[in-house]
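Structure first, commentary second.
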Amino acid sequence: MSSFLERYHQLTKYDPRTIDKLGQAHWENQPKAWKAISGTEYTDIRPHLGFLTELANETTASDYPLSFPHLDLATLCRISWFASGVNAMGGSIQDPHLFRTNPSAGGLYPVELYWIVLDVDGMDSGVWQFHAPGFALVPVWKGDFRGEVANSLLGIQPAREAQAIAVLTGIFSRGSWRYGERAYRRILLDAGHLSGNLLEAARREHFEAVPLSGFCDSGLSDLLFPDQDEVPLLAIPLAKHLSKSVSQSLKSLPPDPTEISAAVEPGAMQMRAHHLSRIGAGNPEPPSPMAWPWRKPDLEYVPLPPHSLPGDLLRAAIDRRSCRSFGWAPVTLEQFSTLLFWSKIPAEEQLSPPGFLDTWIVVNSVLGLESGVWHWDPETDAIALHRPGAFREDCLRMCLGQELGGNASFVIVHTTPLARAVEGLGERAYRPLCMDAGHFGERLNLAAQAMDLGASGIGGYFDDLVNETLGQDLSHAILYISAVGEPG
Ligand SMILES: Cc1cc2nc3c(=O)[nH]c(=O)nc-3n(C[C@H](O)[C@H](O)[C@H](O)COP(=O)(O)O)c2cc1C
């Protein structure tokens, strides 16, 4: 195994024989899910969210504010809230738990949202941080950073055209106190979820946005004043009009072989995995376009029946919650088809090249569809039966015994042949693939919520058992599971 990321994925598998040895989380050490605001200057976003009350009560979208040709403060406030704002409170007054529009593994919220403001009415240019619990945009530092940003984003056209650039960062310690070395996997998935909300909100505002996972890591980091264990994961230029069909650089610097083989201190493996997939400064060679076929050559695909409209995806973010328990009522084939259609990542927002991310669906109870493992071709909206059979028990077992897995009407599993992906794209392949899986998961969450169905991400699973259920060999990395069904 020549790649560090493959090793990382292999060593962070959950295995029924060793899961007990992982130890318990130390709840007394749980870090806060937000940063302290250091200065006194901030912008309250609440005056710009008044429309939410009407939107939540109405069935039409007419109460959404009109969009303007130029990006302004109010628009950034709305997009920030839809991306990751607080939408409910649980726990107690003494110890509240703030729920967000985006789900997060374990509710730990290790992903932060920043804006590099370049040309926004009503805002000083500079770097701002979205402080979700404080309902605030907080200035980090002011100045015109267009040159620095364009360089960090490797001179790519949308970076030059952007009026603002959202940057998502991940903070390792917020996840690792609970999930150890496997936290990085969930951090990338969380970033994908958050980006799904942000991109949907930008679309609703009639702005264009292009997510980029190929950038100079140190350049972008230097702009943000990040915490010691905080790293940029995704940059999303935003403007009224952007060049959208960009071929972004994903290829990371070839890592020094000694870096790959050097011993890693306990707890530092995920950081090493992240840093080994870095891209350096300068304009790299433009990447040669890559794509794999979406379909498996040995399977027979049948088109899904026509889908309907799921409802208003963005409205769903207002009261979105992960489903905590499924009844056994089946979903219909039309609901199934609609959910898949709306969960599809728009082509220009997909970070990984076409065909690198496989979508498998373990069907437990969908009216009119044989139970078993199906493969989905998103390009033509067709599915193929790969392994007929009843797999509820397997789903329960592979999801660490979580009933969500066994009781769901169907379970979606995202996988990739990781060695081949790394061969084609370098170590960097891991980031876009995991974030794409999370992005799909968010679109699925929103569509399910809009259709009064339930959905939940599942980041805890026995990797090899999942491959066994799917009927795949172990060279396929299991990136994410999403469970869907009638809440009950
Ligand atoms: C990447 C990811 C992994 C998750 N894994 C699990 C899981 O294994 N089991 C589970 O019950 N919920 C899981 N969830 C759901 C979270 O627990 C849930 O998002 C969080 O508690 C916040 O609640 P909310 O989604 O209702 O806002 C996961 C969510 C995400 C985004």
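Each chain in the structure tokens gets a letter, A, B, ..., in the order shown, and its residues are numbered from 1; ligands are numbered from 1 in order too.
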For Tyr184 (chain A), find every residue with an atom within 9 Å (counting only C-alpha atoms), except residues of its own chain fewer than 6 positions away, and show them as a count of residues only.
8
Select from chain A every residue with an atom at most 9 Å from any atom of ligand 1, then for each give the shortest pair of atoms and their distance in Å to one decimal, using only C-alpha atoms and all ligand atoms, rows by chain and rising number, as CSV.
```
residue,atom,partner,partner_atom_place_in_ligand_line,distance
A:Asn87,CA,ligand 1,27 (O),8.4
A:Ala88,CA,ligand 1,27 (O),8.2
A:Leu98,CA,ligand 1,27 (O),8.6
A:Phe99,CA,ligand 1,27 (O),5.0
A:Arg100,CA,ligand 1,27 (O),5.4
A:Thr101,CA,ligand 1,27 (O),6.4
A:Asn102,CA,ligand 1,27 (O),6.1
A:Pro103,CA,ligand 1,19 (O),3.5
A:Ser104,CA,ligand 1,31 (C),3.7
A:Ala105,CA,ligand 1,30 (C),3.7
A:Gly106,CA,ligand 1,17 (O),4.3
A:Gly107,CA,ligand 1,20 (C),4.0
A:Leu108,CA,ligand 1,20 (C),7.6
A:Tyr109,CA,ligand 1,22 (C),8.5
A:Arg185,CA,ligand 1,1 (C),7.9
A:Arg186,CA,ligand 1,1 (C),4.8
A:Ile187,CA,ligand 1,1 (C),7.1
A:Leu188,CA,ligand 1,1 (C),7.9
A:Leu189,CA,ligand 1,1 (C),4.8
A:Asp190,CA,ligand 1,31 (C),5.0
A:Ala191,CA,ligand 1,31 (C),8.6
A:Gly192,CA,ligand 1,31 (C),8.7
A:His193,CA,ligand 1,31 (C),6.5
A:Leu194,CA,ligand 1,31 (C),8.9
A:Asp319,CA,ligand 1,27 (O),8.9
A:Arg320,CA,ligand 1,26 (O),6.7
A:Arg321,CA,ligand 1,26 (O),3.4
A:Ser322,CA,ligand 1,26 (O),3.9
A:Cys323,CA,ligand 1,26 (O),6.9
A:Arg324,CA,ligand 1,11 (O),6.4
A:Ser325,CA,ligand 1,11 (O),8.8
A:Cys399,CA,ligand 1,8 (O),7.3
A:Leu400,CA,ligand 1,8 (O),8.3
A:Gln402,CA,ligand 1,9 (N),7.0
A:Glu403,CA,ligand 1,11 (O),8.6
A:Leu404,CA,ligand 1,11 (O),6.9
A:Gly405,CA,ligand 1,9 (N),8.8
A:Gly438,CA,ligand 1,1 (C),6.8
A:Gly441,CA,ligand 1,31 (C),7.8
A:Glu442,CA,ligand 1,31 (C),8.0
A:Asn445,CA,ligand 1,25 (O),8.8
A:Ser456,CA,ligand 1,15 (C),5.6
A:Gly457,CA,ligand 1,28 (C),4.2
A:Ile458,CA,ligand 1,5 (N),3.5
A:Gly459,CA,ligand 1,5 (N),3.9
A:Gly460,CA,ligand 1,8 (O),4.1
A:Tyr461,CA,ligand 1,8 (O),7.2
A:Tyr480,CA,ligand 1,1 (C),7.4
A:Ile481,CA,ligand 1,3 (C),8.1
A:Ser482,CA,ligand 1,4 (C),8.4
```
Hey, which bits of region 163-258 of chain A sit within 9 Å of region 137-151 of chain A, and for each residue what's the closest pair of atoms and how far apart in Å (one decimal), counting only C-alpha atoms, rows by chain and increasing number, as a Markdown table?
```
| residue | atom | partner | partner_atom | distance |
| --- | --- | --- | --- | --- |
| A:Ile165 | CA | A:Val149 | CA | 8.7 |
| A:Phe215 | CA | A:Asn151 | CA | 8.8 |
| A:Cys216 | CA | A:Asn151 | CA | 7.9 |
| A:Gly219 | CA | A:Glu148 | CA | 7.5 |
| A:Leu220 | CA | A:Val149 | CA | 7.1 |
| A:Leu223 | CA | A:Glu148 | CA | 8.0 |
| A:Leu224 | CA | A:Val140 | CA | 7.5 |
| A:Phe225 | CA | A:Val140 | CA | 7.7 |
```
Just want the 12 Å neighbourhood of Pro388 (chain A), counted on only C-alpha atoms, with same-chain residues fewer than 2 positions away dropped. Output as a list of chain:residue names.
A:Ile361, A:Val362, A:Val363, A:Asn364, A:Leu369, A:Glu370, A:Ser371, A:Gly372, A:Val373, A:Trp374, A:His375, A:Ala384, A:Leu385, A:His386, A:Ala390, A:Phe391, A:Thr469, A:Leu470, A:Gly471
Can you spit out the residues from that selection as a PDB file, in the first residue's frame, using C-alpha atoms?
```
ATOM      1  CA  ILE A 361     -28.412   1.375  -2.407  1.00  0.00           C
ATOM      2  CA  VAL A 362     -29.413  -1.433  -0.094  1.00  0.00           C
ATOM      3  CA  VAL A 363     -33.175  -1.641  -0.563  1.00  0.00           C
ATOM      4  CA  ASN A 364     -35.028  -3.049   2.441  1.00  0.00           C
ATOM      5  CA  LEU A 369     -38.600  -2.576  -6.105  1.00  0.00           C
ATOM      6  CA  GLU A 370     -36.972  -5.911  -5.354  1.00  0.00           C
ATOM      7  CA  SER A 371     -35.031  -5.990  -2.088  1.00  0.00           C
ATOM      8  CA  GLY A 372     -31.290  -6.207  -2.499  1.00  0.00           C
ATOM      9  CA  VAL A 373     -28.199  -4.194  -3.362  1.00  0.00           C
ATOM     10  CA  TRP A 374     -28.604  -1.821  -6.307  1.00  0.00           C
ATOM     11  CA  HIS A 375     -26.125   0.405  -8.126  1.00  0.00           C
ATOM     12  CA  ALA A 384     -29.108  -2.041 -11.641  1.00  0.00           C
ATOM     13  CA  LEU A 385     -29.681  -4.952  -9.289  1.00  0.00           C
ATOM     14  CA  HIS A 386     -26.297  -6.222  -8.169  1.00  0.00           C
ATOM     15  CA  ALA A 390     -33.027  -9.396   2.244  1.00  0.00           C
ATOM     16  CA  PHE A 391     -30.322  -7.418   4.011  1.00  0.00           C
ATOM     17  CA  THR A 469     -23.069  -6.721   2.325  1.00  0.00           C
ATOM     18  CA  LEU A 470     -22.516  -4.862  -0.920  1.00  0.00           C
ATOM     19  CA  GLY A 471     -20.685  -7.823  -2.435  1.00  0.00           C
TER      20      GLY A 471
END
```
Which one of A:Thr12, A:Gln94, A:Thr169, A:Ser218 sits closest to Glu112 (chain A) if you count only C-alpha atoms?
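Counting only C-alpha atoms, the residue closest to Glu112 (chain A) is A:Thr169.
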Need the shell around Ile116 (chain A): protein/DNA/RNA residues with any atom at most 7 Å away, counting only C-alpha atoms. Skip same-chain ones fewer than 5 positions apart. Format as a compact mmCIF listing (two decimals) with C-alpha atoms, in the first residue's frame?
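Saved the output as part23.txt:
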```txt
# COMPACT_ATOMS: atom_id res chain seq x y z
CA GLY A 126 -11.42 41.44 4.55
CA VAL A 127 -11.88 38.12 6.33
CA TRP A 128 -15.03 37.53 8.38
CA ALA A 164 -16.91 36.89 -1.83
CA ILE A 165 -15.33 33.53 -1.14
CA ALA A 166 -16.64 31.17 1.50
```
For a quick check of understanding, using only C-alpha atoms, which of A:Arg392, A:Lys32, A:Arg397, A:Arg315 has the smallest distance to Gln449 (chain A)?
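Using only C-alpha atoms, Gln449 (chain A) sits closest to A:Arg315.
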Quick one: DSSP helix (DSSP H, G or I) residues in region 57-196 of chain A, as a PyMOL selection string?
chain A and resi 57+73-84+105-107+146-152+157-161+172-196
Now that the selection is made, can you save its residues with C-alpha atoms as an mmCIF file, in the first residue's frame?
```cif
data_model
loop_
_atom_site.group_PDB
_atom_site.id
_atom_site.type_symbol
_atom_site.label_atom_id
_atom_site.label_comp_id
_atom_site.auth_asym_id
_atom_site.auth_seq_id
_atom_site.Cartn_x
_atom_site.Cartn_y
_atom_site.Cartn_z
ATOM 1 C CA ASN A 57 -45.364 29.365 7.908
ATOM 2 C CA LEU A 73 -24.533 42.180 3.663
ATOM 3 C CA ALA A 74 -28.133 40.941 4.009
ATOM 4 C CA THR A 75 -27.571 38.263 1.362
ATOM 5 C CA LEU A 76 -24.402 37.012 3.046
ATOM 6 C CA CYS A 77 -26.250 36.887 6.382
ATOM 7 C CA ARG A 78 -29.006 34.763 4.855
ATOM 8 C CA ILE A 79 -26.623 32.419 3.051
ATOM 9 C CA SER A 80 -24.535 32.000 6.216
ATOM 10 C CA TRP A 81 -27.594 31.133 8.279
ATOM 11 C CA PHE A 82 -28.908 28.628 5.746
ATOM 12 C CA ALA A 83 -25.453 27.064 5.536
ATOM 13 C CA SER A 84 -24.916 26.482 9.227
ATOM 14 C CA ALA A 105 -21.511 13.693 13.325
ATOM 15 C CA GLY A 106 -22.191 13.509 17.044
ATOM 16 C CA GLY A 107 -23.413 17.127 16.966
ATOM 17 C CA ARG A 146 -7.976 39.796 -3.840
ATOM 18 C CA GLY A 147 -4.403 39.168 -4.978
ATOM 19 C CA GLU A 148 -3.615 36.761 -2.138
ATOM 20 C CA VAL A 149 -6.887 34.887 -2.651
ATOM 21 C CA ALA A 150 -6.422 34.537 -6.396
ATOM 22 C CA ASN A 151 -2.922 33.136 -5.780
ATOM 23 C CA SER A 152 -4.146 30.742 -3.094
ATOM 24 C CA GLN A 157 -10.933 32.152 -13.094
ATOM 25 C CA PRO A 158 -13.823 32.110 -10.537
ATOM 26 C CA ALA A 159 -11.417 33.364 -7.868
ATOM 27 C CA ARG A 160 -10.764 36.447 -9.997
ATOM 28 C CA GLU A 161 -14.481 37.049 -10.606
ATOM 29 C CA PHE A 172 -9.445 18.351 14.351
ATOM 30 C CA SER A 173 -9.682 18.567 18.155
ATOM 31 C CA ARG A 174 -13.455 19.110 18.065
ATOM 32 C CA GLY A 175 -13.878 15.655 16.572
ATOM 33 C CA SER A 176 -10.857 13.686 17.757
ATOM 34 C CA TRP A 177 -11.671 13.842 21.499
ATOM 35 C CA ARG A 178 -14.593 11.544 20.629
ATOM 36 C CA TYR A 179 -13.710 9.785 17.396
ATOM 37 C CA GLY A 180 -9.918 9.538 17.663
ATOM 38 C CA GLU A 181 -8.137 9.172 14.341
ATOM 39 C CA ARG A 182 -11.423 8.519 12.537
ATOM 40 C CA ALA A 183 -12.552 12.124 13.213
ATOM 41 C CA TYR A 184 -11.031 13.394 9.956
ATOM 42 C CA ARG A 185 -13.377 11.221 7.924
ATOM 43 C CA ARG A 186 -16.383 12.764 9.640
ATOM 44 C CA ILE A 187 -14.957 16.295 9.435
ATOM 45 C CA LEU A 188 -14.746 15.990 5.642
ATOM 46 C CA LEU A 189 -18.303 14.623 5.494
ATOM 47 C CA ASP A 190 -19.520 17.466 7.719
ATOM 48 C CA ALA A 191 -17.858 19.992 5.383
ATOM 49 C CA GLY A 192 -19.670 18.389 2.447
ATOM 50 C CA HIS A 193 -23.002 18.689 4.290
ATOM 51 C CA LEU A 194 -22.445 22.352 5.112
ATOM 52 C CA SER A 195 -21.407 23.124 1.538
ATOM 53 C CA GLY A 196 -24.622 21.486 0.287
#
```
Work out how far CA of Leu333 (chain A) is from CA of Pro306 (chain A), in Å to one decimal.
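Between these atoms lies a distance of 9.6 Å.
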Find the residues around Leu234 (chain A) up to 7 Å (only C-alpha atoms counted), leave out those fewer than 4 positions away in its own chain, and share them as a PyMOL selection string.
chain A and resi 167-168+211-213
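Proximity to Ala202 (chain A) was assessed for A:Leu113, A:Ala132, A:Ile93, A:Leu71 counting only C-alpha atoms; the smallest distance is recorded for A:Leu71.
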For the structure I just gave you, how does DSSP split region 258-473 of chain A - specifically, which residues are strand (DSSP E or B)? Reply as a ChimeraX atom specification.
/A:301-303,326,331-332,358-363,366-367,369,372-377,382-388,410-417,454-458,462
Output C-alpha atoms for every residue in the selection just made, as a tab-separated table (two decimals), in the first residue's frame.
```
chain	number	residue	atom	x	y	z
A	301	TYR	CA	-29.49	-0.86	-15.73
A	302	VAL	CA	-33.18	0.06	-15.82
A	303	PRO	CA	-34.44	3.65	-15.82
A	326	PHE	CA	-37.65	4.65	11.40
A	331	VAL	CA	-41.51	4.20	0.76
A	332	THR	CA	-42.93	4.21	-2.75
A	358	ASP	CA	-19.98	4.89	-6.47
A	359	THR	CA	-23.50	5.02	-5.09
A	360	TRP	CA	-24.93	1.72	-3.84
A	361	ILE	CA	-28.41	1.37	-2.41
A	362	VAL	CA	-29.41	-1.43	-0.09
A	363	VAL	CA	-33.17	-1.64	-0.56
A	366	VAL	CA	-39.45	0.12	-1.37
A	367	LEU	CA	-42.84	-0.63	-2.93
A	369	LEU	CA	-38.60	-2.58	-6.11
A	372	GLY	CA	-31.29	-6.21	-2.50
A	373	VAL	CA	-28.20	-4.19	-3.36
A	374	TRP	CA	-28.60	-1.82	-6.31
A	375	HIS	CA	-26.12	0.40	-8.13
A	376	TRP	CA	-27.15	3.88	-9.30
A	377	ASP	CA	-26.03	5.65	-12.45
A	382	ALA	CA	-30.95	4.30	-13.89
A	383	ILE	CA	-30.37	1.53	-11.37
A	384	ALA	CA	-29.11	-2.04	-11.64
A	385	LEU	CA	-29.68	-4.95	-9.29
A	386	HIS	CA	-26.30	-6.22	-8.17
A	387	ARG	CA	-27.24	-8.58	-5.33
A	388	PRO	CA	-30.83	-9.65	-4.70
A	410	PHE	CA	-33.17	1.90	2.18
A	411	VAL	CA	-29.57	2.65	2.96
A	412	ILE	CA	-27.27	4.53	0.59
A	413	VAL	CA	-23.57	3.69	0.66
A	414	HIS	CA	-20.89	5.76	-1.04
A	415	THR	CA	-17.70	3.96	-1.94
A	416	THR	CA	-14.62	4.45	-4.10
A	417	PRO	CA	-11.81	2.20	-5.32
A	454	GLY	CA	-36.67	10.83	7.51
A	455	ALA	CA	-32.95	10.65	6.75
A	456	SER	CA	-29.79	10.40	8.80
A	457	GLY	CA	-26.09	10.22	8.10
A	458	ILE	CA	-24.30	7.20	9.57
A	462	PHE	CA	-17.85	-1.73	10.29
```
Could you check which of A:Ala317, A:Ile156, A:Ala136, A:Leu339 is closest to Thr40 (chain A), using only C-alpha atoms?
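Looking only at the distances to Thr40 (chain A), the closest residue turns out to be A:Ala136.
For the pair CA of Glu486 (chain A) and CA of Ala408 (chain A), the separation is 7.7 Å.
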Give me the residues within 12 Å of Trp342 (chain A) as number ranges by chain, counting only C-alpha atoms and dropping any in the same chain fewer than 6 places off.
A: 196, 200, 306-313, 335-336, 378, 381, 439-451
